[in-house]
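Notes follow the structure.
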Amino acid sequence: MGTKLSVNINKIATLRNSRGGNTPDVLQVAMDCERFGAQGITVHPRPDERHIRYKDVRELKPLLTTEFNIEGNPREKKFLDLVLEVKPAQVTLVPDVIGQVTSDHGWDTITHGSYLKDTISLFNDAGIRTSIFVDADIKMIEGAKETGTNRIELYTEDYARQYPADREKAVKPYSIASKRALELGLGINAGHDLSLENLSYFVQHTVGLLEVSIGHALISDALYFGLENTIQLYLRSLKKVK
Ligand code: PXP
């Protein structure tokens, strides 16, 4: 089984919201992403609903045929209730604060260990797979194991930032982190700033990568290549042996 591509469609909602109407149609785009080969759809509803709205999330659920992944901070009751109501295949817990432009750090799984444990069991009891967003830091990954989460999502912004200067150095902490997570029996996802430039190298130099969620670069590439071609290009980059 290779690595699945989950397309984060928040940027589509941002574009729609900029004009107030329903263009582009977020639900249609999500279904088209699936038709073009994406194996999952990711949304990240934030409390101010400046990207994906809570209503979008409710409407997407019955339409999707691939894995639905909802990301967000479970400390917001509105988010917690939404996920428990919609019951996606996976919830990715992110320690965002209100108004944050985009996620910029993983969980401190030791300081917040008991909170995460309780929240994860709530989702697991509802039949929802959990993933928690963590830096490529062995201590945080070992802490994640203690929370009972099914998976971790490795926060790849550091990798992406360092990639142009020294890709070997950039990927090293992720190679080590993915090996440790696999040993611990955790499922491994990854995301943030992955792109056509850096994705393939990441996949080749990590182990056990089950899923990547990609938004910003993929939607930007679609302006040039079109959505269908772009999804195909990302799927090709995910193949382990080229
Ligand atoms: N994973 C998480 C937890 C995120 O918050 C985001 C951005 O919303 C992504 C993945 C996708 O990042 P990008 O838009 O840079 O591909």
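A note on labels: chains of the structure tokens are A, B, ... as shown, every chain counts residues from 1, and ligands are counted from 1 in their shown order.
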Expected answer as a PyMOL selection string: residues within 8 Å of ligand 1, only C-alpha atoms and all ligand atoms = chain A and resi 8+10-11+43-44+71-72+92-94+102-104+133+153+155+157+190-195+212-218
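Neighbours of region 80-90 of chain A closer than or equal to 6 Å, with only C-alpha atoms counted and sequence neighbours fewer than 5 positions away skipped, come out as Glu67, Phe68, Asn69, Pro74, Ile128, Arg129 and Thr130 of chain A.
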List as a PDB file with all heavy atoms, in the first residue's frame the protein and nucleic acid residues near region 105-120 of chain A, meaning an atom at most 7 Å away when only C-alpha atoms are counted, but skip any in the same chain fewer than 4 places from it.
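File written: selection.pdb
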ATOM      1  N   VAL A  94      -4.900  19.562  16.016  1.00  0.00           N
ATOM      2  CA  VAL A  94      -3.864  20.566  15.777  1.00  0.00           C
ATOM      3  C   VAL A  94      -3.954  21.609  16.895  1.00  0.00           C
ATOM      4  O   VAL A  94      -5.051  22.073  17.198  1.00  0.00           O
ATOM      5  CB  VAL A  94      -4.105  21.250  14.404  1.00  0.00           C
ATOM      6  CG1 VAL A  94      -3.005  22.233  14.078  1.00  0.00           C
ATOM      7  CG2 VAL A  94      -4.234  20.220  13.286  1.00  0.00           C
ATOM      8  N   PRO A  95      -2.796  21.988  17.492  1.00  0.00           N
ATOM      9  CA  PRO A  95      -2.866  22.939  18.609  1.00  0.00           C
ATOM     10  C   PRO A  95      -2.904  24.394  18.162  1.00  0.00           C
ATOM     11  O   PRO A  95      -2.181  25.235  18.694  1.00  0.00           O
ATOM     12  CB  PRO A  95      -1.578  22.631  19.389  1.00  0.00           C
ATOM     13  CG  PRO A  95      -0.623  22.193  18.346  1.00  0.00           C
ATOM     14  CD  PRO A  95      -1.424  21.511  17.274  1.00  0.00           C
ATOM     15  N   ASN A 124     -12.162   8.060  19.494  1.00  0.00           N
ATOM     16  CA  ASN A 124     -12.065   6.623  19.192  1.00  0.00           C
ATOM     17  C   ASN A 124     -13.353   5.888  19.565  1.00  0.00           C
ATOM     18  O   ASN A 124     -13.827   5.028  18.823  1.00  0.00           O
ATOM     19  CB  ASN A 124     -10.870   5.985  19.909  1.00  0.00           C
ATOM     20  CG  ASN A 124      -9.530   6.314  19.257  1.00  0.00           C
ATOM     21  OD1 ASN A 124      -8.482   6.135  19.851  1.00  0.00           O
ATOM     22  ND2 ASN A 124      -9.544   6.800  18.023  1.00  0.00           N
ATOM     23  N   THR A 130      -7.896   8.789  14.971  1.00  0.00           N
ATOM     24  CA  THR A 130      -7.252  10.037  15.380  1.00  0.00           C
ATOM     25  C   THR A 130      -5.814  10.119  14.873  1.00  0.00           C
ATOM     26  O   THR A 130      -5.112   9.118  14.754  1.00  0.00           O
ATOM     27  CB  THR A 130      -7.199  10.149  16.921  1.00  0.00           C
ATOM     28  OG1 THR A 130      -6.599   8.941  17.425  1.00  0.00           O
ATOM     29  CG2 THR A 130      -8.570  10.334  17.522  1.00  0.00           C
ATOM     30  N   PHE A 133      -0.933  16.152  15.339  1.00  0.00           N
ATOM     31  CA  PHE A 133       0.080  16.921  14.617  1.00  0.00           C
ATOM     32  C   PHE A 133       1.305  17.096  15.521  1.00  0.00           C
ATOM     33  O   PHE A 133       1.197  17.670  16.610  1.00  0.00           O
ATOM     34  CB  PHE A 133      -0.554  18.277  14.302  1.00  0.00           C
ATOM     35  CG  PHE A 133       0.099  19.085  13.237  1.00  0.00           C
ATOM     36  CD1 PHE A 133       0.444  18.539  12.013  1.00  0.00           C
ATOM     37  CD2 PHE A 133       0.332  20.454  13.433  1.00  0.00           C
ATOM     38  CE1 PHE A 133       1.006  19.316  11.007  1.00  0.00           C
ATOM     39  CE2 PHE A 133       0.888  21.243  12.432  1.00  0.00           C
ATOM     40  CZ  PHE A 133       1.227  20.665  11.228  1.00  0.00           C
ATOM     41  N   VAL A 134       2.461  16.589  15.092  1.00  0.00           N
ATOM     42  CA  VAL A 134       3.669  16.678  15.923  1.00  0.00           C
ATOM     43  C   VAL A 134       4.894  17.057  15.093  1.00  0.00           C
ATOM     44  O   VAL A 134       4.975  16.756  13.902  1.00  0.00           O
ATOM     45  CB  VAL A 134       4.004  15.338  16.653  1.00  0.00           C
ATOM     46  CG1 VAL A 134       3.028  15.042  17.761  1.00  0.00           C
ATOM     47  CG2 VAL A 134       4.105  14.173  15.697  1.00  0.00           C
ATOM     48  N   ASP A 135       5.839  17.712  15.759  1.00  0.00           N
ATOM     49  CA  ASP A 135       7.129  17.984  15.131  1.00  0.00           C
ATOM     50  C   ASP A 135       7.909  16.673  15.036  1.00  0.00           C
ATOM     51  O   ASP A 135       7.595  15.708  15.745  1.00  0.00           O
ATOM     52  CB  ASP A 135       7.926  18.984  15.981  1.00  0.00           C
ATOM     53  CG  ASP A 135       7.258  20.360  16.010  1.00  0.00           C
ATOM     54  OD1 ASP A 135       6.817  20.824  14.959  1.00  0.00           O
ATOM     55  OD2 ASP A 135       7.162  20.943  17.109  1.00  0.00           O
ATOM     56  N   MET A 140       8.406  13.872  21.438  1.00  0.00           N
ATOM     57  CA  MET A 140       6.997  14.178  21.171  1.00  0.00           C
ATOM     58  C   MET A 140       6.278  12.964  20.555  1.00  0.00           C
ATOM     59  O   MET A 140       5.095  12.741  20.790  1.00  0.00           O
ATOM     60  CB  MET A 140       6.873  15.394  20.237  1.00  0.00           C
ATOM     61  CG  MET A 140       7.353  16.670  20.879  1.00  0.00           C
ATOM     62  SD  MET A 140       6.452  16.988  22.422  1.00  0.00           S
ATOM     63  CE  MET A 140       7.767  17.292  23.571  1.00  0.00           C
ATOM     64  N   GLY A 143       5.703  10.572  23.305  1.00  0.00           N
ATOM     65  CA  GLY A 143       4.565  11.107  24.070  1.00  0.00           C
ATOM     66  C   GLY A 143       3.254  10.836  23.350  1.00  0.00           C
ATOM     67  O   GLY A 143       2.238  10.522  23.979  1.00  0.00           O
ATOM     68  N   ALA A 144       3.284  10.931  22.027  1.00  0.00           N
ATOM     69  CA  ALA A 144       2.067  10.685  21.231  1.00  0.00           C
ATOM     70  C   ALA A 144       1.599   9.249  21.428  1.00  0.00           C
ATOM     71  O   ALA A 144       0.401   8.981  21.548  1.00  0.00           O
ATOM     72  CB  ALA A 144       2.338  10.969  19.748  1.00  0.00           C
ATOM     73  N   THR A 147      -0.607   8.707  24.343  1.00  0.00           N
ATOM     74  CA  THR A 147      -1.965   9.281  24.315  1.00  0.00           C
ATOM     75  C   THR A 147      -2.996   8.299  23.766  1.00  0.00           C
ATOM     76  O   THR A 147      -4.184   8.535  23.869  1.00  0.00           O
ATOM     77  CB  THR A 147      -2.026  10.538  23.420  1.00  0.00           C
ATOM     78  OG1 THR A 147      -1.823  10.140  22.045  1.00  0.00           O
ATOM     79  CG2 THR A 147      -1.017  11.585  23.823  1.00  0.00           C
ATOM     80  N   GLY A 148      -2.501   7.225  23.103  1.00  0.00           N
ATOM     81  CA  GLY A 148      -3.425   6.249  22.524  1.00  0.00           C
ATOM     82  C   GLY A 148      -3.862   6.602  21.111  1.00  0.00           C
ATOM     83  O   GLY A 148      -4.740   5.946  20.540  1.00  0.00           O
ATOM     84  N   THR A 149      -3.260   7.639  20.522  1.00  0.00           N
ATOM     85  CA  THR A 149      -3.653   8.023  19.160  1.00  0.00           C
ATOM     86  C   THR A 149      -3.334   6.916  18.154  1.00  0.00           C
ATOM     87  O   THR A 149      -2.371   6.163  18.330  1.00  0.00           O
ATOM     88  CB  THR A 149      -2.960   9.341  18.732  1.00  0.00           C
ATOM     89  OG1 THR A 149      -3.557   9.800  17.503  1.00  0.00           O
ATOM     90  CG2 THR A 149      -1.466   9.177  18.510  1.00  0.00           C
ATOM     91  N   TYR A 155       4.714  17.339  11.119  1.00  0.00           N
ATOM     92  CA  TYR A 155       4.620  18.731  10.658  1.00  0.00           C
ATOM     93  C   TYR A 155       5.850  19.021   9.789  1.00  0.00           C
ATOM     94  O   TYR A 155       6.981  19.055  10.284  1.00  0.00           O
ATOM     95  CB  TYR A 155       4.553  19.626  11.896  1.00  0.00           C
ATOM     96  CG  TYR A 155       4.649  21.092  11.638  1.00  0.00           C
ATOM     97  CD1 TYR A 155       4.020  21.695  10.555  1.00  0.00           C
ATOM     98  CD2 TYR A 155       5.352  21.920  12.517  1.00  0.00           C
ATOM     99  CE1 TYR A 155       4.104  23.057  10.340  1.00  0.00           C
ATOM    100  CE2 TYR A 155       5.427  23.283  12.320  1.00  0.00           C
ATOM    101  CZ  TYR A 155       4.805  23.840  11.231  1.00  0.00           C
ATOM    102  OH  TYR A 155       4.889  25.187  11.025  1.00  0.00           O
TER     103      TYR A 155
END
task = From the DSSP assignment of the backbone, select every residue of region 70-154 of chain A that is strand (DSSP E), and format the answer as a PyMOL selection string.
result = chain A and resi 70-72+90-93+129-134+151-154
For the selection just defined, write its residues with C-alpha atoms to a file, as a compact mmCIF listing (two decimals), in the first residue's frame.
# COMPACT_ATOMS: atom_id res chain seq x y z
CA ILE A 70 -11.12 17.04 9.53
CA GLU A 71 -8.32 19.04 11.17
CA GLY A 72 -8.56 21.46 14.05
CA GLN A 90 -10.15 10.70 10.63
CA VAL A 91 -9.74 13.73 12.86
CA THR A 92 -6.35 15.44 12.99
CA LEU A 93 -5.81 17.34 16.22
CA ARG A 129 -9.55 7.49 13.76
CA THR A 130 -7.25 10.04 15.38
CA SER A 131 -4.04 11.64 14.23
CA ILE A 132 -2.11 14.26 16.17
CA PHE A 133 0.08 16.92 14.62
CA VAL A 134 3.67 16.68 15.92
CA ARG A 151 -1.62 8.07 14.00
CA ILE A 152 0.65 11.10 14.06
CA GLU A 153 0.92 13.77 11.38
CA LEU A 154 4.50 14.94 11.01
inquiry  = When you look at Asn198 (chain A) with a cut-off of 8 Å (counting only C-alpha atoms), what residues show up, excluding the ones that are within fewer than 4 positions of it in the same chain? I need them as number ranges by chain.
reply    = A: 160, 163, 194, 202
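Put simply, CA of Val203 (chain A) is 24.5 Å away from CA of Leu223 (chain A).
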